[in-house]
Each structure stands twice: as structure tokens, then as C-alpha cells.
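Trainee: Quick one: this structure, given as C-alpha cells, is what I'll be asking you about.
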Amino acid sequence: MKSRYLLTAAIAAVAGPACAQPIVLKPLAEARLRYEGVDQDGLARDADALTMRVRGGLAATTGHWSVLAEGQGTLGIVNDYNDGLHGPANRPIVADPQDIALYRAQIQYKSKALALTAGRQKIALDDERFVGPVGFRQNGQSFDAVRAEVTPIKGLKADVSYVWSVRSIWGIDGAGLRQQAVSGDNVLANLSYATPIGTLTGFAYLVDQDEFAVQGYRLSSQTYGGRFAGSRPLSKTVKLSYQASYARQSDYHRNPNDYRADYYLADGTLDIAALKLNAGYEVLGADKGVALTSFQTPLATLFKFNGWADKFLTTPANGLRDLYGGGGYAFKKVGPIDLLSFQATYHRFRSDRLDIRYGNEIDLLASAKLGKYVVSARYADYDAKRFATDTKKLWLSVDWML
């Protein structure tokens with residue numbers, strides 16, 4: 001542990017000469033007020049959560065160097081819910097416990113060819129399927145890490161992070177299975193090259209969940225794979241976007257399980273003026289049908305994937321196949337509204353092993369941007385077949401950013 005802080009201090013010491021240049025200060029401020037209601041079969045009462053999240057901080061930049069500090073706090077205004085740490089067990093979980101914490105504290109050197117960041121920071125890789133800041137939840141996920149982003153030539157980029165602590169969404173009261181922070185020696189590595197038709201990326205994620213309370217080390221894994229993502233204009237008003245990914249995961253470090261599981265993704269989006277159509281197929285494979293021997297992504301922004309009802313935050317023992325499709329439409333400048341958009345997605349969930357029909361889900365979203373404010377209404381309806389229980393969720397939120 002000592003060596004990690006010495007490395008951070010060494011980077012800070014090198015910044016000394018840069019102080020002769022002018023210092024530019026930038027305030028950081030954002031807020032979110034959100035209602036989340038959940039009706040879940042099998043629980044006697046519904047969940048009603050009205051929460052307020054505020055973040056604030058300051059960034060200072062001089063030349064190639066910058067320092068940043070940002071805190072966050074979450075307040076439960078209406079607390080008729082189980083936040084995962086407190087609250088009645090007969091209500092559904094809304095994973096937004098009250099919290100006050102240091103969200104980010106980092107020092108960075110950034111030039112055209114190199115960016116070095118040390119300290120508590122956000123890390124979002126590719127589409128956040130494997131590593132992300134969990135932006136939807138009120139308490140975001142951040143990483144105590146040293147990160148290097150190197151661009152030696154145009155189009156080629158290496159992105160490598162060493163993470164010794166993952167600061168979870170569970171906040172200052174986190175304990176047991178839901179820790180405030182999970183320590184370990186994590187290595188997150190990407191190597192990407194931009195071609196005329198898309199970006200090709202190879203990745204290696206060595207996830208070391210070095211806390212026995214968190215599934216007895218069973219979320220430690222090594223994942224190696226590749227991804228290709230890009231877009232092509234088909235006409236002045238039509239654009240095709242596409243992505244494909246494959247990865248292989250196995251046990252790592254102290255994980256007592258011995259397993260191998262595959263991951264596949266194929267996704268396409270067609271933009272026709274203001275209309276957007278999307279379809280895809282994602283597979284998180286299974287090995288033996290034993291818990292936590294299926295493909296897991298514990299550092300991901302999980303809300304973005306496999307439906308908003310959050311039924312698959314942990315991949316089931318028999319894995320998961322998600323066939324989805326949907327569309328959206330956006331209107332620009334409707335009276336005082338800068339952007340008005342609507343979105344709908346349908347998911348059909350089955351197991352990878354044994355082909356069990358898990359259930360179906362419909363997700364709906366309407367949002368409006370007015371200057372620095374975004375107002376949204378979101379709805380998820382999970383229809384259970386042979387996995388979990390019927391669940392309906394409603395969100396109403398107002399976001400503001402300086």
C-alpha cells in the first residue's frame with residue numbers, strides 16, 4: 001500500500017515546475033432529484049424513494065497539469081424503501097443509500113500523446129460493459145488508481161490502469177456483501193486502433209476482488225477479448241452504427257471456482273434523420289451451472305445492460321442470452337425545450353445453459369433538455385417466466401449541471 005501512495009506523491013512532485021504558468025480554476029457542480037417507485041411480486045410492500053444527489057468540487061489547471069477534488073452527498077427525502085443496507089426487508093431494494101463521500105481527488109498530466117492520472121477517479125472503458133462509473137445510481141463508482149493513456153501515433157491508443165480500491169455505490173455505511181470499497185490488485189488494459197470503418201480494441205481485465213465478504217473472492221476473474229465498433233453514413237440522412245465483441249473469462253487470484261465462460265455481443269443501430277432503430281444479441285456464457293461460474297462483470301455500469309429492472313446485475317448460474325430491439329425518436333427545439341426524445345426497448349431473456357426462458361422486459365424513456373436541466377420519466381416492466389419475479393419500476397428525475 002505504501003508504494004502506491006509514494007507513486008502518487010512522486011507524480012505530484014514533478015508538477016512543481018508547472019506552477020509558474022497561469023492557473024485556471026473551474027468549479028464543478030451538479031444535482032439530481034429523483035423519485036423511484038418499485039412494485040415487486042413476492043414482497044408485501046412497494047418501494048417509494050425520493051432522493052437528492054449533489055456533487056461539488058473544483059478543478060485547477062496549469063499547462064499540462066491539473067488537480068481536481070469533488071465530493072458527493074445523497075439524501076433520502078422519502079425513505080420508504082430498502083436501500084440495500086438499511087430499511088425493511090419487505091420492500092424492494094432501491095440502491096441509493098444516504099451518503100457523503102469524497103468522489104474524486106486526482107492529479108493529472110495531459111499532453112497530445114500522453115495522459116497520466118493518479119488518485120481517486122472515474123474510469124469508463126468502451127461502452128462501460130466491463131468498467132464504468134455507474135452513472136445512473138445516485139452514489140457513483142470511482143477508482144483509486146494510477147492510469148496511463150498513451151497515443152504514440154494517430155489512431156493508436158494504449159490505456160492501462162492499476163486499481164487498488166474500487167469505491168462502490170454503497171457509500172460510507174457499506175458493509176458485508178455490499179462493501180464501501182473493495183480492495184485488490186486490478187489491472188485494466190485496452191489497446192485500440194482507429195480504422196476508417198471503426199475502432200478495433202483488444203482488452204485484458206484482471207479483476208481482483210480481494211475481500212472475502214464479497215462472495216468469498218468468487219468475483220475475481222481474468223477476461224481477455226476484443227471489440228470492433230464503428231459507423232458509416234449510408235446517405236445524408238441515414239447512418240449505420242455497429243459493434244461486435246467477444247471475450248473469454250476464467251477464475252483469477254483467490255477465486256476458489258475453476259471455470260471458463262464466453263461473452264458475445266452483436267449490435268446494430270440505424271439512424272434515419274430523427275428516428276433511431278436498434279437491435280442486438282448479447283450472451284454471457286455459463287460453465288457448470290454453479291453460482292458465479294458464469295460470465296460476470298462486477299466493475300461495469302450494469303444498469304445500461306440487460307434491462308432496467310436490474311434482474312441480471314449478477315449473471316445467473318446458467319448464464320444469460322439477451323435478444324433485444326427497439327427504437328427512439330427525437331425532436332429538436334420544441335418551444336422552450338432544446339431536445340425532446342422518446343425511447344422504447346424490448347428484451348427477451350433466456351439462459352445460455354439449458355435454454356431456460358427467464359422472462360421478458362419492456363423499457364420506456366421520455367426526456368426533455370431545457371438549458372442546464374434534463375427532465376425524464378423512465379419505466380421498466382419485467383415479466384418473469386422461470387427467473388426472479390414480476391417487477392415494475394418507475395423513475396421521475398430532474399438533473400442539473402453547471
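Identifiers in the C-alpha cells: chain A, B, ... in order shown; residue index from 1 per chain; ligand index from 1 in order shown.
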Please list as a ChimeraX atom specification every residue within 9 Å of region 292-305 of chain A, counting only C-alpha atoms and excluding residues in the same chain fewer than 6 positions away.

Mentor: /A:124,127-137,141,166,207,215,218-221,248-251,257-263,283-286,312-320

Trainee: With a distance cut-off of 10 Å and only C-alpha atoms, select the neighbouring residues of Ala266 (chain A), excluding the residue or stretch itself and same-chain residues fewer than 3 positions from it, and output the selection as a list in words.

Mentor: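 With the cut-off at 10 Å, the set is Arg227, Phe228, Ala229, Tyr242, Gln243, Ala244, Ser245, Tyr246, Ala279, Gly280, Tyr281, Glu282, Val283 and Leu323 of chain A.
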
Trainee: Grab the residues selected above and save them as a PDB file, in the first residue's frame with C-alpha atoms.

Mentor:
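As a result, selection-v5.pdb now contains:
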```pdb
ATOM      1  CA  ARG A 227     -14.236  -5.409 -29.724  1.00  0.00           C
ATOM      2  CA  PHE A 228     -14.976  -3.649 -33.003  1.00  0.00           C
ATOM      3  CA  ALA A 229     -17.240  -0.601 -33.151  1.00  0.00           C
ATOM      4  CA  TYR A 242     -22.377  -1.358 -35.400  1.00  0.00           C
ATOM      5  CA  GLN A 243     -20.434  -3.143 -32.699  1.00  0.00           C
ATOM      6  CA  ALA A 244     -19.271  -6.702 -32.094  1.00  0.00           C
ATOM      7  CA  SER A 245     -17.362  -8.156 -29.180  1.00  0.00           C
ATOM      8  CA  TYR A 246     -16.023 -11.466 -27.914  1.00  0.00           C
ATOM      9  CA  ALA A 279     -31.285  -4.428 -32.293  1.00  0.00           C
ATOM     10  CA  GLY A 280     -28.746  -6.703 -30.683  1.00  0.00           C
ATOM     11  CA  TYR A 281     -27.899 -10.030 -29.115  1.00  0.00           C
ATOM     12  CA  GLU A 282     -25.719 -10.389 -26.037  1.00  0.00           C
ATOM     13  CA  VAL A 283     -24.579 -13.655 -24.431  1.00  0.00           C
ATOM     14  CA  LEU A 323     -32.149 -10.627 -27.525  1.00  0.00           C
TER      15      LEU A 323
END
```

Trainee: I'd like to know which of A:Pro233, A:Gly371, A:Ala194, A:Asp173 is closest to Leu402 (chain A), using only C-alpha atoms.

Mentor: A:Gly371

Trainee: Using only C-alpha atoms, which residues sit within 7 Å of Arg378 (chain A) once same-chain residues fewer than 5 positions away are excluded, as a short mmCIF file (atom, residue, chain, number, x, y, z; two decimals) with C-alpha atoms, in the first residue's frame?

Mentor:
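Written out: part39.cif:
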```cif
data_model
loop_
_atom_site.label_atom_id
_atom_site.label_comp_id
_atom_site.auth_asym_id
_atom_site.auth_seq_id
_atom_site.Cartn_x
_atom_site.Cartn_y
_atom_site.Cartn_z
CA LEU A 364 -39.57 3.11 -21.86
CA LEU A 365 -37.94 6.54 -21.58
CA ALA A 366 -39.05 10.11 -22.26
CA LEU A 394 -40.93 4.00 -12.38
CA TRP A 395 -38.40 6.85 -12.24
CA LEU A 396 -39.07 10.59 -12.39
#
```
